[in-house]
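Undergrad: What follows is data-v2.txt, compact mmCIF, C-alpha atoms and all ligand atoms.
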# COMPACT_ATOMS: atom_id res chain seq x y z
CA MET A 121 -1.93 19.75 -7.63
CA SER A 122 -2.78 16.11 -6.88
CA ARG A 123 -4.45 13.85 -9.46
CA PHE A 124 -7.45 14.03 -7.13
CA GLY A 125 -7.84 17.80 -7.07
CA SER A 126 -6.78 20.49 -4.64
CA ASP A 127 -8.15 18.56 -1.65
CA PRO A 128 -7.54 14.81 -2.15
CA GLN A 129 -8.67 14.03 1.39
CA ALA A 130 -12.09 15.55 0.66
CA PHE A 131 -12.21 13.63 -2.63
CA PHE A 132 -11.59 10.26 -0.94
CA ALA A 133 -13.93 11.12 1.95
CA GLU A 134 -16.65 11.69 -0.64
CA VAL A 135 -15.94 8.30 -2.29
CA TYR A 136 -16.32 6.62 1.11
CA ARG A 137 -19.83 8.05 1.51
CA ASP A 138 -20.81 5.04 -0.61
CA THR A 139 -19.08 1.65 -0.98
CA ALA A 140 -15.75 2.48 -2.61
CA PRO A 141 -14.99 0.68 -5.90
CA TRP A 142 -11.87 -0.93 -4.36
CA ASP A 143 -13.83 -2.27 -1.36
CA VAL A 144 -14.15 -5.86 -2.59
CA GLY A 145 -14.71 -7.38 0.85
CA GLU A 146 -11.38 -9.18 1.01
CA ALA A 147 -7.66 -8.50 0.77
CA GLN A 148 -6.42 -8.32 -2.82
CA PRO A 149 -5.63 -11.95 -3.79
CA ALA A 150 -2.45 -10.91 -5.66
CA LEU A 151 -1.01 -9.53 -2.41
CA VAL A 152 -2.09 -12.53 -0.38
CA ASP A 153 -0.20 -14.73 -2.89
CA LEU A 154 2.89 -12.56 -2.47
CA PHE A 155 2.74 -12.93 1.32
CA THR A 156 2.76 -16.71 0.91
CA THR A 157 5.86 -16.66 -1.28
CA PHE A 158 7.66 -13.85 0.58
CA PRO A 159 6.37 -13.83 4.16
CA PRO A 160 6.21 -10.37 5.75
CA GLU A 161 7.86 -9.70 9.09
CA ALA A 162 6.44 -7.77 12.01
CA PRO A 163 5.50 -5.09 12.61
CA VAL A 164 3.53 -4.27 9.45
CA LEU A 165 2.41 -0.84 8.24
CA GLU A 166 -0.40 -0.57 5.71
CA VAL A 167 -0.34 2.76 3.85
CA GLY A 168 -3.81 3.89 2.70
CA CYS A 169 -5.55 1.07 4.54
CA GLY A 170 -9.12 2.13 3.68
CA THR A 171 -11.66 0.02 5.54
CA GLY A 172 -9.08 -2.51 6.71
CA ASP A 173 -9.46 -5.73 4.69
CA LEU A 174 -5.74 -6.20 4.15
CA ALA A 175 -4.71 -5.15 7.67
CA ILE A 176 -7.22 -7.59 9.13
CA ALA A 177 -6.04 -10.42 6.85
CA LEU A 178 -2.45 -9.85 8.01
CA ALA A 179 -3.43 -9.69 11.69
CA GLU A 180 -5.27 -12.98 11.19
CA ARG A 181 -1.94 -14.42 9.99
CA GLY A 182 -0.43 -13.47 13.35
CA LEU A 183 1.20 -10.14 12.45
CA PRO A 184 0.82 -6.87 14.36
CA VAL A 185 -0.43 -4.26 11.89
CA LEU A 186 -0.81 -0.49 11.91
CA GLY A 187 -3.26 0.69 9.24
CA VAL A 188 -3.06 4.36 8.26
CA ASP A 189 -5.50 6.31 6.12
CA PHE A 190 -6.33 10.01 5.95
CA VAL A 191 -10.10 9.46 5.69
CA GLU A 192 -11.66 9.36 9.14
CA ALA A 193 -14.78 7.49 7.98
CA ALA A 194 -12.71 4.69 6.39
CA VAL A 195 -10.67 4.25 9.57
CA ALA A 196 -13.87 4.30 11.66
CA THR A 197 -15.27 1.49 9.49
CA ALA A 198 -12.04 -0.50 9.92
CA GLU A 199 -12.13 0.00 13.69
CA GLY A 200 -15.79 -1.03 13.77
CA ARG A 201 -14.93 -4.28 12.03
CA VAL A 202 -12.16 -5.02 14.52
CA ALA A 203 -14.68 -5.24 17.33
CA ALA A 204 -16.13 -8.41 15.78
CA LEU A 205 -12.76 -10.20 15.57
CA ALA A 206 -11.24 -12.72 17.97
CA PRO A 207 -9.47 -11.01 20.91
CA ASP A 208 -5.97 -12.14 19.85
CA VAL A 209 -6.48 -10.72 16.32
CA ARG A 210 -7.96 -7.55 17.77
CA ARG A 211 -4.90 -7.00 19.95
CA ARG A 212 -2.65 -7.08 16.89
CA LEU A 213 -4.53 -4.32 15.04
CA ALA A 214 -4.26 -0.56 15.31
CA PHE A 215 -5.58 2.10 12.96
CA ARG A 216 -4.66 5.75 12.70
CA VAL A 217 -6.03 8.73 10.77
CA ALA A 218 -2.93 10.31 9.23
CA ASP A 219 -1.14 11.17 6.02
CA ALA A 220 0.69 7.98 4.98
CA ARG A 221 3.05 9.54 2.43
CA ARG A 222 5.86 9.74 5.02
CA PRO A 223 5.95 6.35 6.79
CA SER A 224 9.07 7.31 8.74
CA ALA A 225 7.09 10.05 10.50
CA LEU A 226 4.87 7.45 12.16
CA GLY A 227 7.40 6.91 14.92
CA ALA A 228 8.24 3.23 14.39
CA GLU A 229 10.52 1.04 12.30
CA PHE A 230 8.64 -1.60 10.30
CA GLY A 231 9.45 -5.13 9.14
CA ALA A 232 7.01 -4.73 6.24
CA VAL A 233 5.04 -1.98 4.52
CA VAL A 234 2.08 -3.07 2.41
CA ASP A 235 0.50 -0.98 -0.32
CA SER A 236 -2.77 -1.99 -1.94
CA GLY A 237 -3.49 0.83 -4.36
CA PHE A 238 -1.56 3.66 -2.67
CA LEU A 239 1.55 4.45 -4.76
CA HIS A 240 -0.49 4.61 -7.98
CA LEU A 241 -2.41 7.61 -6.60
CA PHE A 242 0.64 9.87 -6.94
CA GLU A 243 2.66 11.61 -9.60
CA GLU A 244 6.33 10.84 -10.18
CA PRO A 245 7.92 13.35 -7.72
CA GLU A 246 5.62 12.25 -4.90
CA ARG A 247 6.38 8.59 -5.67
CA ASP A 248 10.10 9.39 -5.45
CA ARG A 249 9.67 11.12 -2.08
CA PHE A 250 7.57 8.22 -0.77
CA ALA A 251 10.18 5.62 -1.83
CA GLU A 252 12.99 7.63 -0.24
CA ASP A 253 11.07 7.91 3.01
CA LEU A 254 10.09 4.22 2.90
CA ALA A 255 13.78 3.34 3.00
CA ARG A 256 14.00 5.08 6.38
CA ALA A 257 10.84 3.45 7.76
CA LEU A 258 11.85 -0.14 6.94
CA ARG A 259 14.55 -1.86 8.93
CA PRO A 260 17.31 -3.67 6.96
CA GLY A 261 15.76 -6.79 5.44
CA GLY A 262 12.29 -5.24 5.72
CA ARG A 263 10.00 -5.60 2.71
CA TYR A 264 7.64 -3.38 0.73
CA TYR A 265 4.72 -5.12 -0.98
CA LEU A 266 2.87 -3.30 -3.74
CA LEU A 267 -0.18 -3.84 -5.89
CA ALA A 268 -0.87 -1.01 -8.34
CA PHE A 269 -2.75 -0.38 -11.57
CA ALA A 270 -0.61 -1.05 -14.65
CA VAL A 271 -2.94 1.02 -16.84
CA THR A 272 -4.18 4.60 -16.71
CA PHE A 273 -7.85 4.92 -17.54
CA PRO A 274 -8.94 8.02 -19.46
CA GLY A 275 -10.61 10.71 -17.40
CA PRO A 276 -9.87 12.82 -14.36
CA ARG A 277 -9.21 11.63 -10.81
CA VAL A 278 -7.97 8.15 -11.61
CA PRO A 279 -4.75 6.41 -10.56
CA ARG A 280 -1.73 6.66 -12.85
CA ALA A 281 -0.18 3.42 -14.07
CA VAL A 282 2.87 2.01 -12.31
CA SER A 283 5.17 0.18 -14.72
CA GLU A 284 7.61 -2.62 -14.04
CA ASP A 285 10.39 -0.45 -15.49
CA GLU A 286 9.55 2.32 -13.06
CA LEU A 287 9.68 -0.07 -10.10
CA ARG A 288 12.98 -1.58 -11.22
CA ARG A 289 14.44 1.93 -11.53
CA ARG A 290 13.03 3.31 -8.28
CA PHE A 291 13.83 0.24 -6.18
CA SER A 292 17.28 -0.40 -7.64
CA PRO A 293 20.27 -2.06 -5.98
CA ALA A 294 22.07 1.29 -6.17
CA ALA A 295 19.30 2.80 -4.04
CA GLY A 296 19.66 -0.02 -1.52
CA TRP A 297 16.85 -2.32 -2.62
CA ARG A 298 16.66 -5.95 -3.68
CA LEU A 299 13.82 -6.75 -6.08
CA LEU A 300 12.32 -10.09 -5.05
CA HIS A 301 9.27 -10.06 -7.30
CA CYS A 302 7.85 -7.81 -10.02
CA ALA A 303 5.22 -9.20 -12.37
CA PRO A 304 1.83 -8.58 -13.99
CA ALA A 305 -1.14 -9.17 -11.69
CA THR A 306 -4.82 -8.31 -11.30
CA PHE A 307 -6.33 -5.60 -9.11
CA MET A 308 -9.87 -6.61 -8.15
CA SER A 309 -12.52 -3.90 -8.00
CA ARG A 310 -16.29 -3.72 -7.88
CA VAL A 311 -16.24 -2.32 -11.43
CA ALA A 312 -13.74 -4.54 -13.25
CA GLU A 313 -10.62 -6.64 -12.91
CA VAL A 314 -7.85 -4.17 -13.64
CA PRO A 315 -4.44 -5.10 -15.13
CA ALA A 316 -1.94 -4.45 -12.38
CA VAL A 317 1.63 -4.95 -11.25
CA ALA A 318 2.57 -6.79 -8.05
CA ALA A 319 5.98 -6.32 -6.50
CA CYS A 320 7.99 -7.15 -3.41
CA VAL A 321 11.23 -5.35 -2.67
CA GLU A 322 13.56 -5.83 0.25
CA ARG A 323 15.58 -3.17 2.02
CA ALA A 324 19.21 -4.19 1.81
CA ALA A 325 21.54 -3.82 4.75
CA GLU A 326 23.89 -1.92 2.44
CA ALA A 327 23.36 -0.26 -0.94
CA GLY A 328 24.75 -1.95 -4.03
CA VAL A 329 23.55 -5.54 -3.62
CA ALA A 330 22.65 -7.48 -6.76
CA ALA A 331 19.02 -7.85 -7.86
CA ASP A 332 17.53 -11.35 -7.98
CA VAL A 333 15.17 -10.76 -10.90
C1 LIG A 401 -7.40 2.89 -3.85
S1 LIG A 401 -7.78 3.11 -2.14
C2 LIG A 401 -7.20 1.55 -1.48
C3 LIG A 401 -7.72 1.26 -0.09
C4 LIG A 401 -7.24 -0.08 0.50
N1 LIG A 401 -5.80 -0.15 0.57
C5 LIG A 401 -7.80 -1.23 -0.28
O1 LIG A 401 -7.06 -1.88 -1.03
O2 LIG A 401 -9.00 -1.48 -0.15
C6 LIG A 401 -6.53 4.25 -1.64
C7 LIG A 401 -6.62 4.65 -0.17
O3 LIG A 401 -5.58 5.55 0.13
C8 LIG A 401 -6.09 6.58 0.97
N2 LIG A 401 -5.19 7.74 0.81
C9 LIG A 401 -4.96 8.48 -0.29
N3 LIG A 401 -4.02 9.40 -0.06
C10 LIG A 401 -3.64 9.25 1.23
C11 LIG A 401 -2.67 9.89 2.06
N4 LIG A 401 -1.90 10.89 1.61
N5 LIG A 401 -2.50 9.44 3.33
C12 LIG A 401 -3.28 8.42 3.80
N6 LIG A 401 -4.21 7.79 3.08
C13 LIG A 401 -4.38 8.18 1.79
C14 LIG A 401 -7.50 6.80 0.49
O4 LIG A 401 -8.29 7.40 1.47
C15 LIG A 401 -7.92 5.35 0.19
O5 LIG A 401 -8.45 4.74 1.32
Show me this structure written as structure tokens.
Ligand SMILES: C[S@@+](CC[C@H](N)C(=O)[O-])C[C@H]1O[C@@H](n2cnc3c(N)ncnc32)[C@H](O)[C@@H]1O
TA:
Amino acid sequence: MSRFGSDPQAFFAEVYRDTAPWDVGEAQPALVDLFTTFPPEAPVLEVGCGTGDLAIALAERGLPVLGVDFVEAAVATAEGRVAALAPDVRRRLAFRVADARRPSALGAEFGAVVDSGFLHLFEEPERDRFAEDLARALRPGGRYYLLAFAVTFPGPRVPRAVSEDELRRRFSPAAGWRLLHCAPATFMSRVAEVPAVAACVERAAEAGVAADV
């Protein structure tokens, strides 16, 4: 069973009946900083895009973005916000209601996949499956950007911490990844600033390349 019960989609749909705690009205600053240091390439996929802050911020930087979330109401909010944007930004944005755990099933190859609070929703085996599938969805040289909680709060139905060690192991050179950045960061929420980890990994053309950090 998922950390969010037998029907995680219903759980998140219920959260979106009110303003979600992660809906801070802007893209997570830690990710925006990462994009400045390690620019993403087109096209971009956002997994678990929620109401679209990050996807919109990337489209405003000139990148075509597909935002995917399994909650219809969140995607409807994102699409509603698009209508108010400049036509050129609007043209670069698409949203889809779908399960985002298998990016390669979305029918495109991406230059970047961005993850603002998605991987930390899952247990270890699901994280492994996601990372394996991600490798197929990113073209060689494509990058995965992650911001995740680095702590697990007590109580049910909360994200599970992602550690730097875990990321270094999962996105290893032997698995065909180059770790460009992995460091402590902050995840903004409406409740608190949460200790987090920010990372950027690059899909190598061939497995076995050396890590930079
Ligand atoms: C912590 S929220 C983050 C939302 C957004 N990325 C942000 O930073 O504001 C996690 C999001 O993932 C979505 N989600 C969870 N599991 C999903 C799945 N299997 N497929 C697609 N979306 C999922 C939830 O509906 C929610 O919008």
Undergrad: I'd like to know which of A:His301, A:Arg123, A:Arg277, A:Arg256 is closest to A:Gly227, using all atoms listed in the file.
TA: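 Of the candidates, the smallest distance to A:Gly227 is held by A:Arg256.
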Undergrad: For stretch 132-143 of chain A, work out the shell of residues within 6 Å, counting all atoms listed in the file and skipping chain neighbours fewer than 3 positions away, then give it as a ChimeraX atom specification.
TA: /A:129,191,309-310
Undergrad: Please compute the atom O3 of ligand LIG 401 (chain A)-atom CA of A:Ser126 distance, one decimal, in Å.
TA: 15.7 Å
Undergrad: All residues within 7 Å of ligand LIG 401 (chain A) are required, counting only C-alpha atoms and all ligand atoms; please report them as an MDAnalysis selection string.
TA: chainID A and resid 128:129 132:133 142:143 147:148 167:174 188:191 194 218:221 235:238 241
Undergrad: Around (12.8, -3.2, 2.6), as given in the file, which residues come within 8 Å? Count all atoms listed in the file and list them as a PDB file with C-alpha atoms, keeping the file's coordinate frame.
TA:
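Output (selection_16.pdb):
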ATOM      1  CA  GLY A 231       9.450  -5.130   9.140  1.00  0.00           C
ATOM      2  CA  ALA A 232       7.010  -4.730   6.240  1.00  0.00           C
ATOM      3  CA  LEU A 254      10.090   4.220   2.900  1.00  0.00           C
ATOM      4  CA  ALA A 255      13.780   3.340   3.000  1.00  0.00           C
ATOM      5  CA  LEU A 258      11.850  -0.140   6.940  1.00  0.00           C
ATOM      6  CA  ARG A 259      14.550  -1.860   8.930  1.00  0.00           C
ATOM      7  CA  PRO A 260      17.310  -3.670   6.960  1.00  0.00           C
ATOM      8  CA  GLY A 261      15.760  -6.790   5.440  1.00  0.00           C
ATOM      9  CA  GLY A 262      12.290  -5.240   5.720  1.00  0.00           C
ATOM     10  CA  ARG A 263      10.000  -5.600   2.710  1.00  0.00           C
ATOM     11  CA  TYR A 264       7.640  -3.380   0.730  1.00  0.00           C
ATOM     12  CA  TRP A 297      16.850  -2.320  -2.620  1.00  0.00           C
ATOM     13  CA  ARG A 298      16.660  -5.950  -3.680  1.00  0.00           C
ATOM     14  CA  VAL A 321      11.230  -5.350  -2.670  1.00  0.00           C
ATOM     15  CA  GLU A 322      13.560  -5.830   0.250  1.00  0.00           C
ATOM     16  CA  ARG A 323      15.580  -3.170   2.020  1.00  0.00           C
ATOM     17  CA  ALA A 324      19.210  -4.190   1.810  1.00  0.00           C
TER      18      ALA A 324
END
Undergrad: Just to confirm, what's the straight-line distance from atom CA of A:Phe291 to atom CA of A:Ala318 in Å (one decimal)?
TA: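 So the two atoms, atom CA of A:Phe291 and atom CA of A:Ala318, lie 13.4 Å apart.
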Undergrad: Could you tell me how far atom CA of A:Cys320 sits from atom CA of A:Leu300, in Å to one decimal place?
TA: 5.5 Å
Undergrad: Taking all atoms listed in the file into account, name the residue in A:Pro207, A:Phe155, A:Phe269, A:Val202 that is nearest to A:Glu313.
TA: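 Residue with the minimum atom-to-atom distance to A:Glu313: A:Phe269.
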Undergrad: Considering all atoms listed in the file, can you say which of A:Asp248, A:Val314, A:Val185, A:Arg216 comes closest to A:Phe273?
TA: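 Using all atoms listed in the file, A:Phe273 sits closest to A:Val314.
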Undergrad: Between A:Val233, A:Arg222, A:Glu180, A:Val195, which has the minimum distance to A:Glu246 (counting only C-alpha atoms)?
TA: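 Nearest candidate to A:Glu246 out of A:Val233, A:Arg222, A:Glu180, A:Val195: A:Arg222.
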Undergrad: If you count only C-alpha atoms, which residues fall within 7 Å of A:Ala150, apart from same-chain ones fewer than 4 positions away, as a list of chain:residue names?
TA: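 Contacts, in chain order: A:Leu154, A:Ala305, A:Thr306, A:Ala318.
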